[in-house]
Amino acid sequence: MLEMKLYTKFIKKIFFYSILFTGIVLSSMIFDNLIDTKDDSGYLIAVGICCLTFFILEYLLPKIKN
């Protein structure tokens, strides 16, 4: 039973990280088009937003719940 919980938790983490990576790629494309630049400005904004989301979901919310 414990192995199954660890397995499902691992699958959820992989799913979350793949969604996060996809969000970084897609939002960097969107922000590049919105800012209308050819350098890494859109990518940096997207990485910042995704890292903030990751920090809130993975660190801040579990700390607040405990």
# chains A, B, ... in the order shown; residues from 1 in each chain; ligands from 1
call {"tool": "residues_around", "arguments": {"residues": "stretch 44-57 of chain A", "least_positions_apart": "6", "cutoff": "7 Å", "atoms": "only C-alpha atoms", "output": "PDB file with N, CA and C atoms, in the first residue's frame"}}
result
ATOM      1  N   LEU A  20       4.617  22.090 -16.151  1.00  0.00           N
ATOM      2  CA  LEU A  20       5.401  23.297 -15.888  1.00  0.00           C
ATOM      3  C   LEU A  20       6.359  23.595 -17.034  1.00  0.00           C
ATOM      4  N   ILE A  24       6.380  26.800 -19.577  1.00  0.00           N
ATOM      5  CA  ILE A  24       7.525  27.676 -19.833  1.00  0.00           C
ATOM      6  C   ILE A  24       7.698  27.871 -21.339  1.00  0.00           C
ATOM      7  N   SER A  27       4.445  29.780 -22.884  1.00  0.00           N
ATOM      8  CA  SER A  27       4.314  31.178 -22.471  1.00  0.00           C
ATOM      9  C   SER A  27       5.489  32.017 -22.947  1.00  0.00           C
ATOM     10  N   SER A  28       6.669  31.415 -23.109  1.00  0.00           N
ATOM     11  CA  SER A  28       7.776  32.194 -23.663  1.00  0.00           C
ATOM     12  C   SER A  28       7.489  32.575 -25.106  1.00  0.00           C
TER      13      SER A  28
END
call {"tool": "select_by_dssp", "arguments": {"residues": "chain A", "states": "alpha helix (DSSP H)", "output": "number ranges by chain"}}
result
A: 2-35, 41-55, 61-65
call {"tool": "atom_distance", "arguments": {"atom1": "atom CA of A:Tyr59", "atom2": "atom CA of A:Lys13"}}
result
13.4 Å
call {"tool": "decode", "arguments": {"residues": "stretch 3-23 of chain A", "atoms": "N, CA, C and O atoms", "output": "PDB file, in the first residue's frame"}}
result
ATOM      1  N   GLU A   3       3.910   1.503  -1.155  1.00  0.00           N
ATOM      2  CA  GLU A   3       4.565   1.622  -2.454  1.00  0.00           C
ATOM      3  C   GLU A   3       3.624   2.248  -3.483  1.00  0.00           C
ATOM      4  O   GLU A   3       4.065   3.019  -4.330  1.00  0.00           O
ATOM      5  N   MET A   4       2.367   1.914  -3.396  1.00  0.00           N
ATOM      6  CA  MET A   4       1.398   2.466  -4.348  1.00  0.00           C
ATOM      7  C   MET A   4       1.234   3.971  -4.139  1.00  0.00           C
ATOM      8  O   MET A   4       1.124   4.731  -5.102  1.00  0.00           O
ATOM      9  N   LYS A   5       1.236   4.428  -2.873  1.00  0.00           N
ATOM     10  CA  LYS A   5       1.133   5.858  -2.604  1.00  0.00           C
ATOM     11  C   LYS A   5       2.354   6.598  -3.118  1.00  0.00           C
ATOM     12  O   LYS A   5       2.235   7.680  -3.688  1.00  0.00           O
ATOM     13  N   LEU A   6       3.531   6.018  -2.922  1.00  0.00           N
ATOM     14  CA  LEU A   6       4.745   6.647  -3.423  1.00  0.00           C
ATOM     15  C   LEU A   6       4.750   6.690  -4.942  1.00  0.00           C
ATOM     16  O   LEU A   6       5.192   7.663  -5.549  1.00  0.00           O
ATOM     17  N   TYR A   7       4.261   5.632  -5.554  1.00  0.00           N
ATOM     18  CA  TYR A   7       4.197   5.567  -7.019  1.00  0.00           C
ATOM     19  C   TYR A   7       3.254   6.625  -7.562  1.00  0.00           C
ATOM     20  O   TYR A   7       3.585   7.328  -8.513  1.00  0.00           O
ATOM     21  N   THR A   8       2.079   6.765  -6.967  1.00  0.00           N
ATOM     22  CA  THR A   8       1.128   7.769  -7.446  1.00  0.00           C
ATOM     23  C   THR A   8       1.651   9.179  -7.192  1.00  0.00           C
ATOM     24  O   THR A   8       1.449  10.075  -8.015  1.00  0.00           O
ATOM     25  N   LYS A   9       2.335   9.384  -6.067  1.00  0.00           N
ATOM     26  CA  LYS A   9       2.921  10.696  -5.784  1.00  0.00           C
ATOM     27  C   LYS A   9       4.007  11.023  -6.814  1.00  0.00           C
ATOM     28  O   LYS A   9       4.106  12.156  -7.289  1.00  0.00           O
ATOM     29  N   PHE A  10       4.803  10.026  -7.183  1.00  0.00           N
ATOM     30  CA  PHE A  10       5.846  10.203  -8.183  1.00  0.00           C
ATOM     31  C   PHE A  10       5.246  10.533  -9.549  1.00  0.00           C
ATOM     32  O   PHE A  10       5.720  11.429 -10.243  1.00  0.00           O
ATOM     33  N   ILE A  11       4.181   9.836  -9.921  1.00  0.00           N
ATOM     34  CA  ILE A  11       3.507  10.093 -11.197  1.00  0.00           C
ATOM     35  C   ILE A  11       2.922  11.507 -11.215  1.00  0.00           C
ATOM     36  O   ILE A  11       3.017  12.218 -12.221  1.00  0.00           O
ATOM     37  N   LYS A  12       2.340  11.942 -10.101  1.00  0.00           N
ATOM     38  CA  LYS A  12       1.787  13.291 -10.023  1.00  0.00           C
ATOM     39  C   LYS A  12       2.884  14.339 -10.169  1.00  0.00           C
ATOM     40  O   LYS A  12       2.689  15.365 -10.831  1.00  0.00           O
ATOM     41  N   LYS A  13       4.038  14.099  -9.555  1.00  0.00           N
ATOM     42  CA  LYS A  13       5.154  15.044  -9.673  1.00  0.00           C
ATOM     43  C   LYS A  13       5.654  15.118 -11.113  1.00  0.00           C
ATOM     44  O   LYS A  13       5.918  16.204 -11.627  1.00  0.00           O
ATOM     45  N   ILE A  14       5.796  13.977 -11.777  1.00  0.00           N
ATOM     46  CA  ILE A  14       6.237  13.974 -13.169  1.00  0.00           C
ATOM     47  C   ILE A  14       5.233  14.723 -14.041  1.00  0.00           C
ATOM     48  O   ILE A  14       5.618  15.508 -14.903  1.00  0.00           O
ATOM     49  N   PHE A  15       3.950  14.489 -13.808  1.00  0.00           N
ATOM     50  CA  PHE A  15       2.908  15.174 -14.565  1.00  0.00           C
ATOM     51  C   PHE A  15       2.971  16.678 -14.329  1.00  0.00           C
ATOM     52  O   PHE A  15       2.886  17.479 -15.259  1.00  0.00           O
ATOM     53  N   PHE A  16       3.163  17.081 -13.069  1.00  0.00           N
ATOM     54  CA  PHE A  16       3.246  18.498 -12.727  1.00  0.00           C
ATOM     55  C   PHE A  16       4.452  19.158 -13.395  1.00  0.00           C
ATOM     56  O   PHE A  16       4.345  20.246 -13.962  1.00  0.00           O
ATOM     57  N   TYR A  17       5.602  18.502 -13.342  1.00  0.00           N
ATOM     58  CA  TYR A  17       6.804  19.082 -13.938  1.00  0.00           C
ATOM     59  C   TYR A  17       6.715  19.138 -15.461  1.00  0.00           C
ATOM     60  O   TYR A  17       7.232  20.068 -16.073  1.00  0.00           O
ATOM     61  N   SER A  18       6.056  18.171 -16.077  1.00  0.00           N
ATOM     62  CA  SER A  18       5.900  18.234 -17.531  1.00  0.00           C
ATOM     63  C   SER A  18       4.964  19.369 -17.918  1.00  0.00           C
ATOM     64  O   SER A  18       5.202  20.060 -18.922  1.00  0.00           O
ATOM     65  N   ILE A  19       3.917  19.597 -17.147  1.00  0.00           N
ATOM     66  CA  ILE A  19       3.030  20.727 -17.400  1.00  0.00           C
ATOM     67  C   ILE A  19       3.776  22.042 -17.182  1.00  0.00           C
ATOM     68  O   ILE A  19       3.630  22.997 -17.952  1.00  0.00           O
ATOM     69  N   LEU A  20       4.617  22.090 -16.151  1.00  0.00           N
ATOM     70  CA  LEU A  20       5.401  23.297 -15.888  1.00  0.00           C
ATOM     71  C   LEU A  20       6.359  23.595 -17.034  1.00  0.00           C
ATOM     72  O   LEU A  20       6.472  24.739 -17.486  1.00  0.00           O
ATOM     73  N   PHE A  21       7.036  22.572 -17.537  1.00  0.00           N
ATOM     74  CA  PHE A  21       7.955  22.760 -18.655  1.00  0.00           C
ATOM     75  C   PHE A  21       7.207  23.207 -19.903  1.00  0.00           C
ATOM     76  O   PHE A  21       7.644  24.108 -20.618  1.00  0.00           O
ATOM     77  N   THR A  22       6.055  22.600 -20.162  1.00  0.00           N
ATOM     78  CA  THR A  22       5.241  22.999 -21.310  1.00  0.00           C
ATOM     79  C   THR A  22       4.777  24.443 -21.156  1.00  0.00           C
ATOM     80  O   THR A  22       4.762  25.204 -22.129  1.00  0.00           O
ATOM     81  N   GLY A  23       4.431  24.821 -19.933  1.00  0.00           N
ATOM     82  CA  GLY A  23       4.033  26.205 -19.674  1.00  0.00           C
ATOM     83  C   GLY A  23       5.152  27.179 -19.935  1.00  0.00           C
ATOM     84  O   GLY A  23       4.928  28.282 -20.455  1.00  0.00           O
TER      85      GLY A  23
END
